[in-house]
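In what follows, a single structure is set out as structure tokens and then discussed.
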Amino acid sequence: MFSYCADPDALGTFRWFSCYLTNGVHMSFYLSFVKVLALLAITAPVALSFGFAGAMAARSHVPPVSWLGKGYIAIVRGVPDIAFFLFFVIALDQGFEWMRHQILCPDWTDPVRQGNDFLVCSNAKLPLGSAPEWVHQTYSFFLAVITFSIVFGAFAANVLYGGMRAVPHAQLETAEAYGMSRRQTFWRVLVPQMWVYALPGLSNLWLVLIKATPLLFLLGIEDIVYWARELGGTKTSRFTDYPHPDWRMWYFLFLLIFYLGFTRVSEIVLEKLMVRLSHGQATTGGEALRKQVTA
Amino acid sequence: MKSCIQTIQDYGLRSIGIGERRLPTSDFTLCEQFTLIGSGMMWNIYFGILALITGFMLATALAVGKSSKNRLIRKPAEWFIFLFRGSPLFIQFFFAYFLFLSLKKSYPMFDAFTSAWLGALIVLFLNTAAYSGEIFYGALRSIPKGDVEAADAYGLTGWARFRRVIWPTMLRLAWPAYTNEAIFLFQATTLVFFSAFPAWRQEGDALYYASYFADKTFNPFIPYPILAFYFILFTLFIVWGFGRINARLNRHLPQAQKKKLRLRMNLAR
């Protein structure tokens, strides 16, 4: 990247590192950090909306809907999340292909499952066999986002459900006394107040979500873990311009520090957010803020 | 076609290297999947129980350390807890494995550390110690002031006060959260063979075999529910066992005041 990198004298000096760390593959490594951040940026709101829908369903007065919501919340309990990740990636992929298969190839008579194979007609393949590489990558990233959203949506549903139940009942009764309908009570009284009760749980969930991002590697995405393993492995002069011994330990140390920093920054931001949301709330946090102002 | 008893004899202890050497490669029966995944559970139980017991002791020390007034004791405990709670367990496994690998080059005594049974156990031990340490620290801070004052009034000091008043109360307060931690930890053991630690001679844990079947059959709808079944079973067992201990910890309280063990949901780490 730098002009002095062409000079062989740079080898063995400290400047060599600046050349090494800016070579092409390292750029892919840095790009994979963007991938992780993109995953977080997309998953967090989607999972939150899944969670909101789940919590709303669990509160429903129609029994089947309520069972559905409660079942969704309960299903991720007791089973390791990583099992869900491995499961959903295959299950979703096959589900999409099966649906396309039903629509695109109605005259296909063979069963889809034949022994150990899952066969759909070539038009229904996702992505199509002829698709360029980036489509494959985007598709697997898309699957990963849905998987993360489903699993974390269930966690979020549990937190939001708890938050909704924590809103003082007197508030809802007052709303009823003012003649609000159930729907109005929900949207105008319950939802604005529940966030402060749900926030500790949601902050915790965000920290957990950050720490779950390296699992992307298991879903076949070329993420930071993938690149750290690739780049850190022993390189000999036959295969690369930058031969070095096994440096994987240092790459993973870097990832460790990255995550620690990310967690710390998130904690500080969430703490600030909590203070903001506590303003004017009937909680001990809100009370403390009120006293600060009047004192 | 082999009978199911035969399959259990062949593969029941496969995950620890006893029985049939070769894994089934085609025409998997339900019995084979149940047996092998169940066999893999032994690793999860091994990691879970040993890490929990060893981690418990370090966690107590960490909690006491973090609430110490002495900076030299408090800061290392705080940093230890932050280090293990603030980073993904997955990355910790990778880092530890490669650390042991490079240590092995200079000191051959680190040979055992690069295999899962010891290396991964150490990571899990440190990890659960940090998480439980934070739980115990929270409990230490919420011990009723009156309890400690009563201990002072009885002339209990130092170790006797800690052993007879503070520590039991801490455990009592921390127990529901600690039950959760045990469930977490047990689930986290599935990460071992999916991170850097190699499964020697295909002797892996339950998830290792479940994903083996899912990869071979392209059908995730059978092995993963079997895995879920085993895990839910064992989670119920943990909840029962910890509930018994909880009842014993609270046995001196009046009946009405006894809180039932209410479990919060569990999260990935």
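In the structure tokens, chains take letters A, B, ... by order of appearance, with residues numbered from 1 within each chain and ligands from 1 in the order shown.
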
Please produce, as a Markdown table, a per-residue contact table for chain A versus chain B (criterion: any atom at most 7 Å away, only C-alpha atoms considered), showing the nearest atom pair and its distance in Å to one decimal, sorted by chain then residue number.
| residue | atom | partner | partner_atom | distance |
| --- | --- | --- | --- | --- |
| A:Arg77 | CA | B:Asn266 | CA | 6.4 |
| A:Gly78 | CA | B:Ile232 | CA | 5.1 |
| A:Val79 | CA | B:Ala228 | CA | 5.5 |
| A:Pro80 | CA | B:Gln187 | CA | 4.8 |
| A:Asp81 | CA | B:Ala268 | CA | 6.3 |
| A:Ala83 | CA | B:Tyr224 | CA | 6.9 |
| A:Phe87 | CA | B:Pro220 | CA | 5.9 |
| A:Ile90 | CA | B:Pro220 | CA | 6.6 |
| A:Ala91 | CA | B:Pro220 | CA | 6.4 |
| A:Asn116 | CA | B:Thr217 | CA | 4.3 |
| A:Asp117 | CA | B:Phe218 | CA | 6.3 |
| A:Phe118 | CA | B:Phe218 | CA | 6.5 |
| A:Val208 | CA | B:Arg269 | CA | 5.7 |
| A:Lys211 | CA | B:Pro88 | CA | 4.6 |
| A:Ala212 | CA | B:Pro88 | CA | 6.8 |
| A:Pro214 | CA | B:Phe90 | CA | 6.9 |
| A:Arg248 | CA | B:Phe98 | CA | 6.4 |
| A:Met249 | CA | B:Phe98 | CA | 4.9 |
| A:Phe252 | CA | B:Phe95 | CA | 5.3 |
| A:Leu253 | CA | B:Phe95 | CA | 6.3 |
| A:Leu256 | CA | B:Ser87 | CA | 6.1 |
| A:Tyr259 | CA | B:Ser87 | CA | 5.4 |
| A:Leu260 | CA | B:Gly86 | CA | 5.2 |
| A:Thr263 | CA | B:Gly86 | CA | 5.8 |

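The environment of range 134-144 of chain A within 8 Å, counting only C-alpha atoms and disregarding residues fewer than 4 places along the same chain, consists of Val89, Leu92, Asp93, Pro127, Phe148, Leu216, Leu219, Gly220 and Ile221 of chain A.
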
Please, which residues of range 51-228 of chain A, numbered as in this document, come out helix (DSSP H, G or I) from DSSP, as a VMD selection string?
chain A and resid 51 to 59 63 to 75 81 to 104 122 to 124 133 to 166 169 to 177 182 to 219 224 to 228

Residues from the last selection, C-alpha atoms, saved as a tab-separated table (two decimals), in the first residue's frame:
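Contents of out_37.tsv, as written:
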chain	number	residue	atom	x	y	z
A	51	GLY	CA	-39.86	-10.03	19.73
A	52	PHE	CA	-42.56	-7.38	19.80
A	53	ALA	CA	-44.83	-9.52	17.66
A	54	GLY	CA	-44.10	-12.52	19.87
A	55	ALA	CA	-44.85	-10.60	23.06
A	56	MET	CA	-48.06	-9.20	21.58
A	57	ALA	CA	-49.12	-12.67	20.53
A	58	ALA	CA	-48.35	-14.05	24.00
A	59	ARG	CA	-50.60	-11.37	25.55
A	63	PRO	CA	-55.93	-18.90	23.00
A	64	PRO	CA	-54.26	-20.26	19.82
A	65	VAL	CA	-52.46	-16.95	19.20
A	66	SER	CA	-51.35	-16.79	22.81
A	67	TRP	CA	-50.08	-20.38	22.66
A	68	LEU	CA	-48.17	-19.53	19.52
A	69	GLY	CA	-46.51	-16.55	21.21
A	70	LYS	CA	-45.73	-18.45	24.40
A	71	GLY	CA	-44.47	-21.42	22.44
A	72	TYR	CA	-42.16	-19.18	20.46
A	73	ILE	CA	-40.76	-17.73	23.68
A	74	ALA	CA	-40.41	-21.12	25.34
A	75	ILE	CA	-38.84	-22.99	22.47
A	81	ASP	CA	-28.64	-21.53	20.75
A	82	ILE	CA	-25.85	-22.87	18.59
A	83	ALA	CA	-28.03	-25.91	17.83
A	84	PHE	CA	-30.69	-23.49	16.62
A	85	PHE	CA	-28.20	-21.70	14.42
A	86	LEU	CA	-27.07	-24.92	12.79
A	87	PHE	CA	-30.66	-26.10	12.46
A	88	PHE	CA	-32.27	-22.99	11.02
A	89	VAL	CA	-29.66	-22.41	8.35
A	90	ILE	CA	-30.37	-25.77	6.72
A	91	ALA	CA	-34.07	-25.77	7.53
A	92	LEU	CA	-34.67	-22.28	6.11
A	93	ASP	CA	-32.68	-23.01	3.00
A	94	GLN	CA	-34.60	-26.20	2.36
A	95	GLY	CA	-37.87	-24.48	3.20
A	96	PHE	CA	-37.30	-21.74	0.62
A	97	GLU	CA	-36.20	-24.22	-2.02
A	98	TRP	CA	-39.17	-26.44	-1.32
A	99	MET	CA	-41.61	-23.54	-1.69
A	100	ARG	CA	-40.03	-22.44	-4.96
A	101	HIS	CA	-40.07	-26.04	-6.07
A	102	GLN	CA	-43.81	-26.29	-5.45
A	103	ILE	CA	-44.48	-23.14	-7.46
A	104	LEU	CA	-41.94	-23.43	-10.27
A	122	SER	CA	-32.77	-26.85	-10.97
A	123	ASN	CA	-35.04	-23.82	-11.44
A	124	ALA	CA	-35.92	-23.89	-7.77
A	133	GLU	CA	-20.41	-15.61	-6.46
A	134	TRP	CA	-21.67	-12.48	-4.73
A	135	VAL	CA	-25.27	-13.73	-4.94
A	136	HIS	CA	-24.25	-16.91	-3.10
A	137	GLN	CA	-22.53	-14.89	-0.42
A	138	THR	CA	-25.41	-12.48	-0.04
A	139	TYR	CA	-27.86	-15.34	0.17
A	140	SER	CA	-25.94	-17.09	2.94
A	141	PHE	CA	-25.61	-13.79	4.78
A	142	PHE	CA	-29.34	-13.27	4.40
A	143	LEU	CA	-30.01	-16.72	5.85
A	144	ALA	CA	-27.72	-15.91	8.77
A	145	VAL	CA	-29.61	-12.67	9.44
A	146	ILE	CA	-32.95	-14.49	9.52
A	147	THR	CA	-31.56	-17.19	11.78
A	148	PHE	CA	-30.13	-14.66	14.21
A	149	SER	CA	-33.40	-12.71	14.12
A	150	ILE	CA	-35.53	-15.75	14.90
A	151	VAL	CA	-33.39	-16.86	17.83
A	152	PHE	CA	-32.86	-13.41	19.28
A	153	GLY	CA	-36.47	-12.48	18.51
A	154	ALA	CA	-37.53	-15.17	20.95
A	155	PHE	CA	-35.19	-13.79	23.60
A	156	ALA	CA	-36.50	-10.28	22.93
A	157	ALA	CA	-40.10	-11.50	23.09
A	158	ASN	CA	-39.44	-12.84	26.56
A	159	VAL	CA	-37.93	-9.55	27.71
A	160	LEU	CA	-40.69	-7.42	26.17
A	161	TYR	CA	-43.38	-9.68	27.58
A	162	GLY	CA	-41.86	-9.19	31.03
A	163	GLY	CA	-41.66	-5.42	30.41
A	164	MET	CA	-45.33	-5.27	29.44
A	165	ARG	CA	-46.32	-7.10	32.58
A	166	ALA	CA	-44.18	-4.81	34.73
A	169	HIS	CA	-51.72	-2.12	36.53
A	170	ALA	CA	-53.20	1.11	37.86
A	171	GLN	CA	-51.97	2.86	34.72
A	172	LEU	CA	-53.99	0.53	32.53
A	173	GLU	CA	-57.05	0.84	34.77
A	174	THR	CA	-56.81	4.61	34.56
A	175	ALA	CA	-56.70	4.42	30.79
A	176	GLU	CA	-59.78	2.23	30.86
A	177	ALA	CA	-61.53	4.69	33.17
A	182	ARG	CA	-58.08	-2.07	24.54
A	183	ARG	CA	-56.16	-1.13	21.44
A	184	GLN	CA	-55.78	2.49	22.53
A	185	THR	CA	-54.68	1.42	26.01
A	186	PHE	CA	-52.06	-0.84	24.50
A	187	TRP	CA	-50.56	1.66	22.09
A	188	ARG	CA	-50.94	4.90	24.08
A	189	VAL	CA	-50.31	3.75	27.64
A	190	LEU	CA	-48.67	0.36	27.78
A	191	VAL	CA	-46.14	0.58	24.94
A	192	PRO	CA	-44.65	3.99	25.81
A	193	GLN	CA	-44.16	2.92	29.42
A	194	MET	CA	-42.87	-0.58	28.96
A	195	TRP	CA	-39.52	0.40	27.44
A	196	VAL	CA	-37.98	1.55	30.69
A	197	TYR	CA	-38.87	-1.77	32.29
A	198	ALA	CA	-37.63	-3.74	29.31
A	199	LEU	CA	-34.42	-1.79	28.80
A	200	PRO	CA	-32.21	-3.64	31.30
A	201	GLY	CA	-33.18	-6.91	29.65
A	202	LEU	CA	-32.75	-5.48	26.17
A	203	SER	CA	-29.32	-4.05	27.00
A	204	ASN	CA	-28.30	-7.43	28.24
A	205	LEU	CA	-29.63	-8.93	25.03
A	206	TRP	CA	-27.62	-6.49	22.94
A	207	LEU	CA	-24.43	-7.46	24.76
A	208	VAL	CA	-25.28	-11.12	24.22
A	209	LEU	CA	-25.99	-10.46	20.55
A	210	ILE	CA	-22.56	-8.86	20.15
A	211	LYS	CA	-20.99	-11.89	21.72
A	212	ALA	CA	-22.97	-14.23	19.46
A	213	THR	CA	-21.65	-12.65	16.24
A	214	PRO	CA	-18.58	-14.92	15.94
A	215	LEU	CA	-21.04	-17.79	15.48
A	216	LEU	CA	-21.47	-16.43	11.95
A	217	PHE	CA	-18.39	-18.48	11.22
A	218	LEU	CA	-20.37	-21.66	11.87
A	219	LEU	CA	-22.99	-20.59	9.36
A	224	ILE	CA	-13.68	-12.22	11.23
A	225	VAL	CA	-13.09	-15.65	12.74
A	226	TYR	CA	-12.63	-17.14	9.29
A	227	TRP	CA	-10.11	-14.50	8.25
A	228	ALA	CA	-8.25	-14.62	11.55

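Proximity of B:Gln202, B:Thr114, B:Ser142, B:Thr7 to Ser67 in chain B, computed with only C-alpha atoms, is greatest for B:Ser142.
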
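Closest approach to Leu121 in chain B among B:Ala153, B:Ile49, B:Ile226, B:Val64 is made by B:Ile49 (distances from only C-alpha atoms).
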
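A straight line drawn from CA of Asn246 in chain B to CA of Ala130 in chain B is 21.6 Å long.
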
Selection: 9 Å around range 52-56 of chain B, only C-alpha atoms, excl. self and same-chain fewer than 4 positions, as a ChimeraX atom specification:
/B:47-48,60-61,124-130,132-133,182,185-186

Just the residues within 10 Å of Leu171 in chain B, please, counting only C-alpha atoms, with nothing from its chain fewer than 5 positions along; format it as a list in words.
Thr60, Ile135, Phe136, Ala139, Leu140, Ile166, Pro176, Tyr178, Asn246, Leu249 and Asn250 of chain B

Excluding Arg201 in chain B and residues on its chain fewer than 4 positions from it, collect all residues at most 12 Å away from it, counting only C-alpha atoms, and give them as a VMD selection string.
chain B and resid 14 to 18 20 to 23 115
